[in-house]
Every structure is written in structure tokens, then in C-alpha cells.
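A.B. asks: Just one file: structure33.cif, with mmCIF, C-alpha atoms and all ligand atoms.
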data_start
loop_
_atom_site.label_atom_id
_atom_site.label_comp_id
_atom_site.auth_asym_id
_atom_site.auth_seq_id
_atom_site.Cartn_x
_atom_site.Cartn_y
_atom_site.Cartn_z
CA MET A 1414 3.38 -14.94 15.85
CA SER A 1415 6.83 -13.39 15.72
CA ALA A 1416 8.37 -11.89 18.87
CA PRO A 1417 8.08 -8.11 19.31
CA THR A 1418 10.92 -6.24 17.67
CA THR A 1419 12.10 -2.63 17.59
CA PRO A 1420 9.57 -0.80 15.41
CA ARG A 1421 10.81 -0.13 11.88
CA ARG A 1422 10.65 3.48 10.74
CA VAL A 1423 8.34 3.61 7.72
CA ILE A 1424 6.72 6.04 5.30
CA ILE A 1425 3.45 4.91 3.73
CA ASP A 1426 2.84 6.03 0.15
CA THR A 1427 -0.88 5.63 -0.42
CA ASP A 1428 -4.11 6.42 -2.31
CA PRO A 1429 -6.87 5.59 0.20
CA GLY A 1430 -8.81 3.57 -0.90
CA LEU A 1431 -10.54 1.03 1.36
CA ASP A 1432 -7.79 -1.59 1.36
CA ASP A 1433 -5.20 1.17 1.80
CA ALA A 1434 -7.18 2.27 4.87
CA VAL A 1435 -7.07 -1.23 6.39
CA ALA A 1436 -3.32 -1.33 5.77
CA ILE A 1437 -2.81 2.08 7.43
CA LEU A 1438 -4.92 1.11 10.45
CA TYR A 1439 -2.90 -2.06 10.88
CA ALA A 1440 0.38 -0.14 10.59
CA LEU A 1441 -0.72 2.30 13.28
CA ALA A 1442 -2.08 -0.38 15.60
CA CYS A 1443 0.31 -3.31 15.39
CA GLY A 1444 3.25 -1.81 17.29
CA GLN A 1445 5.78 -2.93 14.69
CA PHE A 1446 6.16 0.40 12.88
CA GLU A 1447 7.10 3.96 13.69
CA VAL A 1448 5.04 5.69 10.99
CA LEU A 1449 7.01 8.81 10.02
CA GLY A 1450 4.31 10.04 7.67
CA LEU A 1451 1.95 9.37 4.80
CA THR A 1452 2.63 10.57 1.27
CA THR A 1453 -0.39 10.60 -1.00
CA VAL A 1454 -0.75 9.84 -4.68
CA ALA A 1455 -3.60 9.97 -7.17
CA GLY A 1456 -4.91 6.47 -7.76
CA ASN A 1457 -8.12 5.01 -6.42
CA ILE A 1458 -9.27 8.61 -6.17
CA GLY A 1459 -7.86 12.04 -7.14
CA ILE A 1460 -5.10 13.65 -5.10
CA GLU A 1461 -7.31 15.98 -3.06
CA ALA A 1462 -9.59 13.17 -1.85
CA SER A 1463 -6.62 10.84 -1.40
CA THR A 1464 -4.97 13.42 0.84
CA SER A 1465 -8.16 14.30 2.70
CA ASN A 1466 -8.96 10.62 3.29
CA SER A 1467 -5.47 10.13 4.76
CA LEU A 1468 -5.96 13.07 7.14
CA ARG A 1469 -9.44 11.91 8.14
CA LEU A 1470 -8.26 8.37 8.84
CA LEU A 1471 -5.52 9.71 11.08
CA ALA A 1472 -8.06 11.92 12.84
CA ALA A 1473 -10.28 8.87 13.43
CA MET A 1474 -7.33 7.14 15.08
CA ALA A 1475 -6.34 10.22 17.14
CA ARG A 1476 -3.03 10.17 15.24
CA SER A 1477 -3.07 13.58 13.57
CA ASP A 1478 0.51 13.93 14.79
CA VAL A 1479 1.51 11.77 11.81
CA PRO A 1480 2.26 14.18 8.95
CA VAL A 1481 0.63 13.87 5.53
CA ARG A 1482 2.31 15.22 2.41
CA ARG A 1483 0.44 15.69 -0.86
CA GLY A 1484 2.04 13.86 -3.78
CA ALA A 1485 1.55 13.46 -7.52
CA ALA A 1486 -1.82 14.45 -8.97
CA GLN A 1487 -1.17 12.67 -12.27
CA PRO A 1488 0.85 9.73 -13.56
CA LEU A 1489 4.27 10.63 -14.98
CA CYS A 1490 3.17 10.87 -18.60
CA ARG A 1491 -0.36 9.52 -18.99
CA ALA A 1492 -3.82 10.82 -18.24
CA GLY A 1493 -5.06 9.69 -14.83
CA GLU A 1494 -8.34 7.87 -14.41
CA GLU A 1495 -10.28 7.42 -11.20
CA LEU A 1496 -11.52 3.96 -10.29
CA ILE A 1497 -14.58 5.34 -8.55
CA SER A 1498 -16.72 2.28 -9.18
CA ILE A 1499 -14.63 0.14 -6.80
CA HIS A 1500 -14.08 2.40 -3.78
CA GLY A 1501 -17.03 4.78 -4.22
CA GLU A 1502 -17.15 8.44 -5.18
CA ASP A 1503 -15.10 9.52 -2.15
CA GLY A 1504 -12.61 6.65 -2.47
CA MET A 1505 -13.77 5.31 0.91
CA GLY A 1506 -17.14 3.77 0.09
CA GLY A 1507 -19.00 6.60 1.87
CA LEU A 1508 -17.37 5.81 5.24
CA ALA A 1509 -18.21 8.41 7.91
CA LEU A 1510 -14.87 9.79 9.12
CA PRO A 1511 -14.13 12.88 11.25
CA ALA A 1512 -12.89 16.09 9.68
CA PRO A 1513 -9.11 16.43 9.32
CA GLN A 1514 -7.40 17.67 12.47
CA ALA A 1515 -4.29 18.81 10.58
CA GLU A 1516 -3.31 20.07 7.14
CA ALA A 1517 -1.15 18.45 4.49
CA ARG A 1518 1.81 20.80 4.35
CA GLY A 1519 4.49 20.73 1.68
CA GLU A 1520 4.74 18.18 -1.08
CA ALA A 1521 5.61 14.53 -0.97
CA VAL A 1522 8.82 14.12 -2.94
CA GLY A 1523 10.67 17.02 -1.28
CA TRP A 1524 9.61 15.69 2.11
CA LEU A 1525 10.78 12.17 1.21
CA VAL A 1526 14.17 13.65 0.29
CA GLU A 1527 14.35 15.45 3.66
CA GLN A 1528 13.41 12.35 5.61
CA LEU A 1529 15.81 10.04 3.80
CA GLN A 1530 18.71 12.49 3.98
CA SER A 1531 18.26 13.19 7.67
CA ALA A 1532 18.09 9.51 8.73
CA PRO A 1533 20.89 6.93 8.65
CA ALA A 1534 21.03 5.25 5.22
CA GLY A 1535 18.87 2.13 5.13
CA SER A 1536 16.95 2.99 8.30
CA VAL A 1537 13.68 4.14 6.69
CA ASP A 1538 11.44 1.76 4.73
CA ILE A 1539 8.79 2.80 2.23
CA LEU A 1540 5.52 0.86 2.06
CA ALA A 1541 3.99 1.69 -1.32
CA LEU A 1542 0.26 1.04 -1.69
CA GLY A 1543 -0.65 2.98 -4.82
CA PRO A 1544 0.66 3.94 -8.26
CA LEU A 1545 4.43 4.46 -8.03
CA THR A 1546 4.49 8.04 -9.31
CA ASN A 1547 5.97 9.63 -6.16
CA ILE A 1548 8.61 6.94 -5.78
CA ALA A 1549 9.55 7.16 -9.46
CA LEU A 1550 9.98 10.94 -9.16
CA LEU A 1551 12.26 10.37 -6.17
CA VAL A 1552 14.30 7.77 -8.09
CA ARG A 1553 14.45 9.84 -11.27
CA ASP A 1554 15.29 13.20 -9.71
CA HIS A 1555 17.20 12.16 -6.57
CA PRO A 1556 18.78 8.76 -7.25
CA ALA A 1557 21.41 9.08 -4.51
CA VAL A 1558 18.70 9.84 -1.97
CA ALA A 1559 16.51 6.99 -3.20
CA ALA A 1560 19.46 4.65 -2.62
CA ARG A 1561 19.13 5.48 1.10
CA ILE A 1562 15.72 3.74 1.31
CA GLY A 1563 15.90 0.67 3.52
CA ARG A 1564 13.31 -1.70 2.16
CA LEU A 1565 10.80 -0.70 -0.51
CA ILE A 1566 7.77 -2.99 -0.38
CA VAL A 1567 5.35 -2.44 -3.23
CA MET A 1568 1.82 -3.69 -3.86
CA GLY A 1569 1.52 -3.99 -7.60
CA GLY A 1570 1.54 -6.14 -10.70
CA ALA A 1571 0.47 -9.67 -11.53
CA VAL A 1572 2.93 -12.36 -12.61
CA ASP A 1573 1.11 -15.64 -13.27
CA GLU A 1574 -2.23 -14.37 -12.06
CA PRO A 1575 -4.75 -12.56 -14.32
CA GLY A 1576 -4.86 -8.80 -13.95
CA ASN A 1577 -7.64 -6.81 -12.33
CA ILE A 1578 -7.80 -3.93 -14.80
CA GLY A 1579 -6.76 -5.73 -17.97
CA ALA A 1580 -6.30 -9.39 -18.77
CA ARG A 1581 -2.69 -9.14 -17.48
CA SER A 1582 -2.45 -5.73 -15.87
CA GLU A 1583 -2.95 -4.74 -12.24
CA TYR A 1584 -4.42 -1.39 -11.25
CA ASN A 1585 -1.44 0.34 -9.55
CA PHE A 1586 1.00 -0.52 -12.32
CA ALA A 1587 -1.55 0.11 -15.09
CA THR A 1588 -2.25 3.59 -13.70
CA ASP A 1589 1.41 4.62 -14.09
CA PRO A 1590 3.37 2.04 -16.08
CA GLU A 1591 6.38 4.32 -16.63
CA ALA A 1592 6.67 4.91 -12.88
CA ALA A 1593 6.56 1.17 -12.24
CA GLN A 1594 9.28 0.64 -14.84
CA ILE A 1595 11.55 3.30 -13.30
CA VAL A 1596 11.16 1.88 -9.80
CA LEU A 1597 11.68 -1.76 -10.81
CA GLU A 1598 14.82 -0.83 -12.74
CA ALA A 1599 16.29 1.25 -9.89
CA ARG A 1600 18.05 -1.71 -8.23
CA LEU A 1601 16.72 -0.79 -4.79
CA ASP A 1602 16.03 -3.35 -2.04
CA LEU A 1603 12.55 -3.89 -3.45
CA THR A 1604 10.03 -6.61 -2.73
CA LEU A 1605 7.00 -6.84 -4.96
CA ILE A 1606 3.65 -7.99 -3.56
CA PRO A 1607 1.54 -8.82 -6.64
CA LEU A 1608 -1.99 -10.10 -7.14
CA ASP A 1609 -0.53 -13.63 -7.11
CA VAL A 1610 -0.47 -13.38 -3.32
CA THR A 1611 -2.90 -10.58 -2.47
CA ARG A 1612 -5.81 -12.49 -4.04
CA ARG A 1613 -5.06 -15.32 -1.61
CA VAL A 1614 -5.33 -13.18 1.49
CA ARG A 1615 -9.11 -13.07 1.63
CA VAL A 1616 -11.36 -11.96 4.42
CA LEU A 1617 -14.73 -13.66 4.91
CA PRO A 1618 -17.86 -11.87 6.17
CA ALA A 1619 -17.89 -14.10 9.25
CA GLN A 1620 -14.41 -12.88 10.22
CA ILE A 1621 -15.32 -9.20 10.40
CA ALA A 1622 -16.86 -9.36 13.87
CA SER A 1623 -13.68 -10.90 15.32
CA LEU A 1624 -11.80 -7.71 14.44
CA ARG A 1625 -13.95 -5.62 16.76
CA SER A 1626 -11.97 -5.45 19.98
CA SER A 1627 -10.00 -2.23 19.62
CA PRO A 1628 -10.61 1.22 18.06
CA ALA A 1629 -8.54 0.22 15.02
CA GLY A 1630 -10.40 -3.09 14.79
CA ASP A 1631 -13.78 -1.38 15.01
CA LEU A 1632 -12.95 1.04 12.22
CA CYS A 1633 -11.42 -1.75 10.17
CA ALA A 1634 -14.62 -3.79 10.54
CA GLU A 1635 -16.66 -0.83 9.26
CA ILE A 1636 -14.33 -0.42 6.31
CA LEU A 1637 -14.46 -4.11 5.44
CA ALA A 1638 -18.26 -4.10 5.58
CA LEU A 1639 -18.20 -1.35 2.94
CA TYR A 1640 -15.49 -3.15 0.98
CA PHE A 1641 -17.70 -6.22 0.77
CA GLY A 1642 -20.69 -4.39 -0.62
CA SER A 1643 -23.42 -6.98 -0.95
CA GLY A 1644 -23.38 -10.59 -1.96
CA ARG A 1645 -19.62 -11.22 -2.05
CA ALA A 1646 -18.34 -14.41 -0.46
CA SER A 1647 -14.85 -13.01 0.27
CA ARG A 1648 -12.63 -10.01 -0.52
CA PRO A 1649 -8.87 -9.79 -1.20
CA LEU A 1650 -6.77 -7.58 1.09
CA HIS A 1651 -4.28 -6.24 -1.44
CA ASP A 1652 -2.53 -3.40 0.36
CA PRO A 1653 -2.49 -4.89 3.88
CA CYS A 1654 -0.23 -7.62 2.45
CA VAL A 1655 2.56 -5.04 2.21
CA MET A 1656 2.44 -4.41 5.96
CA LEU A 1657 1.95 -8.10 6.73
CA PHE A 1658 5.02 -8.98 4.68
CA ALA A 1659 7.05 -6.38 6.57
CA VAL A 1660 5.96 -7.81 9.93
CA GLU A 1661 5.59 -11.52 9.17
CA PRO A 1662 7.78 -12.32 6.15
CA GLY A 1663 7.57 -16.03 6.98
CA LEU A 1664 3.95 -16.02 5.80
CA PHE A 1665 5.18 -15.37 2.26
CA SER A 1666 7.54 -17.18 -0.12
CA LEU A 1667 9.69 -15.14 -2.48
CA ASP A 1668 11.02 -15.94 -5.93
CA THR A 1669 13.59 -13.78 -7.69
CA LEU A 1670 12.22 -13.10 -11.16
CA ARG A 1671 13.49 -11.05 -14.08
CA LEU A 1672 10.58 -8.80 -14.97
CA ALA A 1673 9.80 -5.94 -17.31
CA VAL A 1674 6.80 -3.60 -17.39
CA ASP A 1675 4.70 -3.19 -20.54
CA VAL A 1676 4.91 0.54 -21.29
CA SER A 1677 3.11 0.35 -24.62
CA ASP A 1678 -0.08 2.25 -25.37
CA GLY A 1679 -1.90 -1.06 -25.68
CA PRO A 1680 -4.62 -2.47 -23.45
CA GLU A 1681 -2.06 -4.30 -21.29
CA ALA A 1682 0.04 -1.25 -20.40
CA GLY A 1683 1.44 -1.80 -16.93
CA ALA A 1684 1.44 -5.58 -17.22
CA LEU A 1685 4.48 -7.45 -15.91
CA VAL A 1686 6.27 -9.70 -18.34
CA ARG A 1687 9.04 -12.20 -17.63
CA HIS A 1688 12.04 -10.95 -19.59
CA ALA A 1689 15.57 -12.35 -19.59
CA ASP A 1690 17.04 -8.82 -19.67
CA GLY A 1691 14.76 -7.48 -16.93
CA PRO A 1692 16.14 -6.59 -13.49
CA PRO A 1693 16.00 -9.36 -10.87
CA ILE A 1694 13.10 -8.59 -8.53
CA LYS A 1695 12.14 -10.31 -5.28
CA VAL A 1696 8.49 -11.24 -5.74
CA ALA A 1697 6.11 -12.76 -3.21
CA MET A 1698 4.53 -15.65 -5.11
CA ARG A 1699 2.99 -17.77 -2.36
CA VAL A 1700 1.32 -16.92 0.95
CA ASP A 1701 -0.33 -18.56 3.93
CA GLY A 1702 -3.65 -16.76 3.44
CA PRO A 1703 -5.40 -17.81 6.67
CA GLY A 1704 -2.20 -17.09 8.60
CA ALA A 1705 -2.10 -13.59 7.11
CA ILE A 1706 -5.70 -12.90 8.16
CA GLU A 1707 -4.88 -14.09 11.67
CA ALA A 1708 -1.81 -11.82 11.75
CA LEU A 1709 -3.99 -8.90 10.66
CA ARG A 1710 -6.50 -9.58 13.43
CA HIS A 1711 -3.71 -9.95 15.98
CA GLY A 1712 -2.06 -6.66 14.96
CA LEU A 1713 -5.28 -4.65 14.85
CA ASN A 1714 -6.29 -5.80 18.31
CA ARG A 1715 -2.89 -5.46 19.94
CA ALA A 1716 -3.67 -2.12 21.60
CA GLN A 1717 -6.76 -3.51 23.31
CA ARG A 1718 -5.03 -6.66 24.55
CA SER A 1719 -2.06 -4.81 26.01
CA SER A 1720 -4.36 -2.47 27.99
CA CYS A 1721 -6.29 -5.39 29.54
C1 LIG B 1 -4.51 -2.10 -5.89
O1 LIG B 1 -5.40 -1.24 -6.60
C2 LIG B 1 -6.13 -0.44 -5.72
O2 LIG B 1 -7.46 -0.36 -6.13
C3 LIG B 1 -5.95 -1.04 -4.35
O3 LIG B 1 -5.96 -0.04 -3.34
C4 LIG B 1 -4.62 -1.72 -4.42
O4 LIG B 1 -3.57 -0.85 -4.09
C5 LIG B 1 -4.91 -3.54 -6.20
O5 LIG B 1 -4.77 -3.79 -7.55
CA CA B 2 -3.95 1.29 -2.95
#
Re-express the file's structure as C-alpha cells.
Ligand code: BDR
Ligand code: CA
C.D. replies:
Amino acid sequence: MSAPTTPRRVIIDTDPGLDDAVAILYALACGQFEVLGLTTVAGNIGIEASTSNSLRLLAAMARSDVPVRRGAAQPLCRAGEELISIHGEDGMGGLALPAPQAEARGEAVGWLVEQLQSAPAGSVDILALGPLTNIALLVRDHPAVAARIGRLIVMGGAVDEPGNIGARSEYNFATDPEAAQIVLEARLDLTLIPLDVTRRVRVLPAQIASLRSSPAGDLCAEILALYFGSGRASRPLHDPCVMLFAVEPGLFSLDTLRLAVDVSDGPEAGALVRHADGPPIKVAMRVDGPGAIEALRHGLNRAQRSSC
């Protein structure tokens, strides 16, 4: 494991979502991040549930001091669809969470502008776990402010791997292809975490119990039990890979690829295509899957160990 470092200041853009929830719990527990706030986006579930789920997760972790800002309710220029069959009707598989202990005040993009303008340039990272609508609005409407983002780490897309919503398209990018295109073309310090790696960071049922030695680990174990449903041999941890890359980049190998986003109206809208004229993007293409699961367990249980 890497030595402790000064926590990076991060904003999590999210659509919880069971794997989003695991990623958020890890970020709060691992001691490697100062979480400035959560911005929500419609994705796995509509914006109201996405926002409420964020507030309820924070309440469960006694972290209602972390602000939540409501973001985009719809993709930039397409109709939104809810993927309720994967994460359940509430987006959280029916998980019992406490009521929110705070309200979501203000809206996401204006708050992102405030945060980025008031911090030294490059000192705030964005960890993007959902469709890129909020980030695209920031880039489109406030490009000079967007340039102040430190690192932008994005879960989305599939390069050589089949898609999970179409034959080639991944859910986050397929939900808002135009947003993905705007963000990839913005020439920010962006690292893409596609299905090519997230499908290789798989949790097994037998590993769930080992997470249970801290409040974050307990809640994570409950979430993963719901995420498994019944009869699955393993499950991919898509969004937690963003946090794991930020903390343990050595677990991943990057290639720089020239990529474009399919913004057609066809069935593969949102798919990534290699394109000689596309912007060069740092893409995680290989990962130490078991090492990533161990890093997740280590980070979730850090609070318990340090109090022993
Ligand atoms: C992505 O889609 C969502 O369902 C997950 O939360 C993740 O962000 C994986 O394709
Ligand atoms: Ca997500």
C-alpha cells in the first residue's frame, strides 16, 4: 500500500447508484481525500432520487457536513432514461438508509464555479461517476474556470471491451454522448476509467464479509449484497475504480489514445471510437484487479484500524 499523503481536495459528481455508493463510502473512509462536496446528476436514477440518495448516504456515515448540490436533471440534448432494472426503483436496490440530515442547497454548476474559483488553480480534483452533463455544462459555459480543475477522473466508455448498454457503448457515455464529447475535447488533465478496467475489478461473494470491520465497511457490505442480487459469481466495481486510481495509480496502466465519441442517433450513441483526429486521452487499459479489491478493503477499514 502507498504511504499516507496529504488528502487531495475532491468533488464527487455522482448518480447513486450502488457502485457510486461504494465509491463514496471509500472516499469518505480512506483518509486520502478531503471531500468538498457531492454534485448530483440524473443517471442511474432521476435527479431527485440521485440527490436524496447522496444525502441519505452522508447521513448514514454521520457526514452531513459534506454539502450536496443538485445538478442536471436531463442530458444536454437527449431524453433521459432511468436504468431502474439494474439499481432498483430507488437507485439503491431498496437499501435502508436514514433520512437526510441536510438539504441540497443551490445548484451544481454554479457551486462548482465557486469552488474552483476560490481555490488555487489545480488544487481541486473532480471524480466523475455518472453521465458527464454537469461537467460538460461547466466546460461549455465556464471554460476558464474548468481549466482550474486539477485532475478529472472519469468512469465511462469502453475501448476494446464490449459495451454494457449497447454492443460498444457504456452507460454513462450513452446517457449523454454530447456531454462526453465536450469533456473529452476540453483538453483538461483527464484520465478515463473505462469498462476495459472496471470489469476486471470484481468482488466475490466470499469477500463481502471481510469488509465488515468499520461503519463504512458494514454499509459497503450491505450495498454489495444488494448489488449481487442472487446467483451471480462476481460483480464489477465500476465507480470505485475512479477513487482507487486516484489513491493507488500504480494498480492501473495507462495508454494515451486518440478517441472520439459517437454522437449519432444510432444504437451505439456514446460509444468510443479510435480516431486519428481525436484528442489524446489518458486511458486506464489494464489493472491489478485483486490488488484493487485489497486496496478497497484497506481503505474502507482504515477508520477502524486506526482507532484500535
Ligand atoms: C456506470 O453506469 C452506472 O450504472 C454505474 O454507476 C457506473 O457509473 C457503469 O457503466
Ligand atoms: Ca455511476
A.B. asks: For CA of Leu1639 (chain A) and atom CA of ligand CA 2 (chain B), quote the distance in Å rounded to one decimal.
C.D. replies: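 Distance reported for this atom pair: 15.6 Å.
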A.B. asks: I'd like to know which of A:Ala1472, A:Ala1622, A:Ala1440, A:Ala1587 is closest to Ala1571 (chain A), using only C-alpha atoms.
C.D. replies: A:Ala1587
A.B. asks: CA of Gly1704 (chain A) and CA of Gly1430 (chain A) are how many Å apart?
C.D. replies: 23.7 Å
A.B. asks: Contacts between ligand LIG 1 (chain B) and chain A, please, where a residue of chain A counts if it comes within 7 Å (with only C-alpha atoms and all ligand atoms); show its shortest atom pair and distance in Å to one decimal, rows by chain and ascending number, as a tab-separated table.
C.D. replies:
residue	atom	partner	partner_atom	distance
A:Asp1428	CA	B:LIG1	O3	6.8
A:Pro1429	CA	B:LIG1	O3	6.7
A:Gly1430	CA	B:LIG1	O3	5.2
A:Leu1431	CA	B:LIG1	O3	6.6
A:Asp1432	CA	B:LIG1	O3	5.3
A:Asp1433	CA	B:LIG1	O3	5.3
A:Asn1457	CA	B:LIG1	O2	5.4
A:Leu1542	CA	B:LIG1	O4	4.9
A:Gly1543	CA	B:LIG1	O4	4.9
A:Met1568	CA	B:LIG1	O4	6.1
A:Gly1569	CA	B:LIG1	O5	6.3
A:Asn1577	CA	B:LIG1	O5	6.3
A:Glu1583	CA	B:LIG1	O5	5.1
A:Tyr1584	CA	B:LIG1	O5	4.4
A:Asn1585	CA	B:LIG1	O1	5.2
A:Leu1608	CA	B:LIG1	O5	6.9
A:His1651	CA	B:LIG1	C4	5.4
A:Asp1652	CA	B:LIG1	O4	5.2
A.B. asks: Find the residues around Val1537 (chain A) up to 10 Å (only C-alpha atoms counted), leave out those fewer than 5 positions away in its own chain, and share them as a list in words.
C.D. replies: Arg1421, Arg1422, Val1423, Ile1424, Glu1447, Val1448, Leu1449, Gln1528, Leu1529, Ala1532, Arg1561, Ile1562, Gly1563, Arg1564 and Leu1565 of chain A
A.B. asks: Distance CA of Pro1680 (chain A)-CA of Leu1603 (chain A), one decimal place?
C.D. replies: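 Between CA of Pro1680 (chain A) and CA of Leu1603 (chain A) the gap is 26.4 Å.
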A.B. asks: Measuring between all atoms listed in the file, which one of A:Ala1592, A:Asp1503, A:Arg1469, A:Cys1443 shows the shortest distance to Glu1661 (chain A)?
C.D. replies: A:Cys1443
A.B. asks: Restricting the calculation to all atoms listed in the file: of A:Leu1637, A:Ile1437, A:Val1454, A:Ala1492, which residue gets closest to Asp1678 (chain A)?
C.D. replies: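 Among A:Leu1637, A:Ile1437, A:Val1454, A:Ala1492, it is A:Ala1492 that comes nearest to Asp1678 (chain A).
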A.B. asks: Mind listing whatever residues come within 12 Å of the point (-1.6, -16.7, 7.3)? Use all atoms listed in the file, file coordinates, and give them as a ChimeraX atom specification.
C.D. replies: /A:1414,1610-1611,1613-1616,1654,1657-1658,1660-1666,1699-1711
A.B. asks: Scan for residues within 9 Å of the point (-10.5, -3.0, 17.9) in the coordinates of the file, using only C-alpha atoms, and reply as a list in words.
C.D. replies: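 Residues with an atom at most 9 Å from (-10.5, -3.0, 17.9): Ser1623, Leu1624, Arg1625, Ser1626, Ser1627, Pro1628, Ala1629, Gly1630, Asp1631, Leu1632, Cys1633, Ala1634, Arg1710, Leu1713, Asn1714, Arg1715, Ala1716 and Gln1717 of chain A.
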A.B. asks: Please determine, counting all atoms listed in the file, which residue among A:Leu1617, A:Ala1599, A:Ala1559, A:Ala1436 has the shortest atom-to-atom distance to ligand CA 2 (chain B).
C.D. replies: A:Ala1436
A.B. asks: For each of A:Ser1467, A:Gln1594, A:Ser1647, A:Ser1531, take the minimum atom-to-atom distance to ligand CA 2 (chain B), counting only C-alpha atoms and all ligand atoms, then give the residue where this is smallest.
C.D. replies: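 Result for the nearest residue to ligand CA 2 (chain B): A:Ser1467.
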A.B. asks: Which residue is closest to ligand CA 2 (chain B)? Choose from A:Pro1618, A:Gly1504, A:Gly1493, A:Gly1450 and count all atoms listed in the file.
C.D. replies: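 Answer, going by the shortest atom-to-atom distance: A:Gly1504.
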A.B. asks: If we count all atoms listed in the file and set the cut-off at 10 Å, which residues sit around Thr1588 (chain A), ignoring sequence neighbours fewer than 2 positions away in its own chain? Please answer as an mmCIF file with C-alpha atoms, in the coordinates of the input.
C.D. replies:
data_model
loop_
_atom_site.group_PDB
_atom_site.id
_atom_site.type_symbol
_atom_site.label_atom_id
_atom_site.label_comp_id
_atom_site.auth_asym_id
_atom_site.auth_seq_id
_atom_site.Cartn_x
_atom_site.Cartn_y
_atom_site.Cartn_z
ATOM 1 C CA ALA A 1455 -3.600 9.970 -7.170
ATOM 2 C CA GLY A 1456 -4.910 6.470 -7.760
ATOM 3 C CA ASN A 1457 -8.120 5.010 -6.420
ATOM 4 C CA GLN A 1487 -1.170 12.670 -12.270
ATOM 5 C CA PRO A 1488 0.850 9.730 -13.560
ATOM 6 C CA LEU A 1489 4.270 10.630 -14.980
ATOM 7 C CA ARG A 1491 -0.360 9.520 -18.990
ATOM 8 C CA ALA A 1492 -3.820 10.820 -18.240
ATOM 9 C CA GLY A 1493 -5.060 9.690 -14.830
ATOM 10 C CA GLU A 1494 -8.340 7.870 -14.410
ATOM 11 C CA GLU A 1495 -10.280 7.420 -11.200
ATOM 12 C CA LEU A 1496 -11.520 3.960 -10.290
ATOM 13 C CA GLY A 1543 -0.650 2.980 -4.820
ATOM 14 C CA PRO A 1544 0.660 3.940 -8.260
ATOM 15 C CA LEU A 1545 4.430 4.460 -8.030
ATOM 16 C CA THR A 1546 4.490 8.040 -9.310
ATOM 17 C CA ILE A 1578 -7.800 -3.930 -14.800
ATOM 18 C CA SER A 1582 -2.450 -5.730 -15.870
ATOM 19 C CA GLU A 1583 -2.950 -4.740 -12.240
ATOM 20 C CA TYR A 1584 -4.420 -1.390 -11.250
ATOM 21 C CA ASN A 1585 -1.440 0.340 -9.550
ATOM 22 C CA PHE A 1586 1.000 -0.520 -12.320
ATOM 23 C CA PRO A 1590 3.370 2.040 -16.080
ATOM 24 C CA GLU A 1591 6.380 4.320 -16.630
ATOM 25 C CA ALA A 1592 6.670 4.910 -12.880
ATOM 26 C CA ALA A 1593 6.560 1.170 -12.240
ATOM 27 C CA ALA A 1682 0.040 -1.250 -20.400
ATOM 28 C CA GLY A 1683 1.440 -1.800 -16.930
#
A.B. asks: Excluding same-chain residues fewer than 4 positions from Ala1673 (chain A), what lies within 10 Å of it counting only C-alpha atoms, as a list in words?
C.D. replies: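 The residues satisfying every condition are Ala1593, Gln1594, Leu1597, Glu1598, Gly1683, Ala1684, Leu1685, Val1686, Arg1687, His1688, Ala1689, Asp1690, Gly1691, Pro1692, Pro1693 and Ile1694 of chain A.
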